[in-house]
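Engineer: Below: one structure in structure tokens.
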Amino acid sequence: MGTVWDIERWIDAAALSAIKRFYPTALTRNISLPLQEIFYHLVRLVEQKKLKLYWEIRCPECFSTVDVKDLYVATGEELECPLGHEFELRADYVFPVFEISDEYRSYVIENKKKQ
């Protein structure tokens, strides 16, 4: 069974890689913790300014990304995806996506250099 330290190690490894943004489900492939627990800890890392949380809006027809917002968006808005599909925004078209903050990435890189 995974631990929150496994989440932190995954984030640190991602900070040393080319990963720009990631979904909480990416961690479930490597860490045996429930998605809800992983999401909870990722939000705690947002509070600690290690991560940033964005909300990705996807088209329900083609699943392409329509927009990425830094605040959760209200439903009901009429949108159009890059491929021309029009749809009314619903909560199940909005997905959390995390980004490692520049400051934390720099911190991890500097610590790695010192080792």
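Ordered as shown in the structure tokens, chains take letters A, B, and onward, while each chain numbers its residues from 1 and ligands are numbered from 1 in the order shown.
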Could you give me, as a list in words, the residues within 6 Å of segment 67-73 of chain A, counting only C-alpha atoms and dropping anything in the same chain fewer than 6 positions from it?
Structural biologist: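 The residues satisfying every condition are Tyr54, Trp55, Glu56 and Ile57 of chain A.
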Engineer: For atom CA of Leu35 of chain A and atom CA of Tyr23 of chain A, determine how far apart the two atoms are, in Å to one decimal place.
Structural biologist: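 Atom CA of Tyr23 of chain A lies at a distance of 10.6 Å from atom CA of Leu35 of chain A.
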Engineer: So that I can see what lies close to Ala91 of chain A, please list as a PyMOL selection string the residues with an atom at most 9 Å from it, counting only C-alpha atoms and leaving out residues fewer than 2 positions away in the same chain.
Structural biologist: chain A and resi 73-75+89+93-95
Engineer: Within 10 Å of segment 7-16 of chain A, counting only C-alpha atoms, which residues show up once you throw out same-chain ones fewer than 3 positions away? Write them as a PyMOL selection string, please.
Structural biologist: chain A and resi 2-4+19-22+26-28+30-31+33+38+41-42+45+50-51+99-102+104-109+112
Engineer: Considering only C-alpha atoms, state which residue in the set A:Lys114, A:Arg58, A:Lys49, A:Arg29 is at the smallest distance from Leu83 of chain A.
Structural biologist: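 Of A:Lys114, A:Arg58, A:Lys49, A:Arg29, the one nearest Leu83 of chain A, counting only C-alpha atoms, is A:Arg58.
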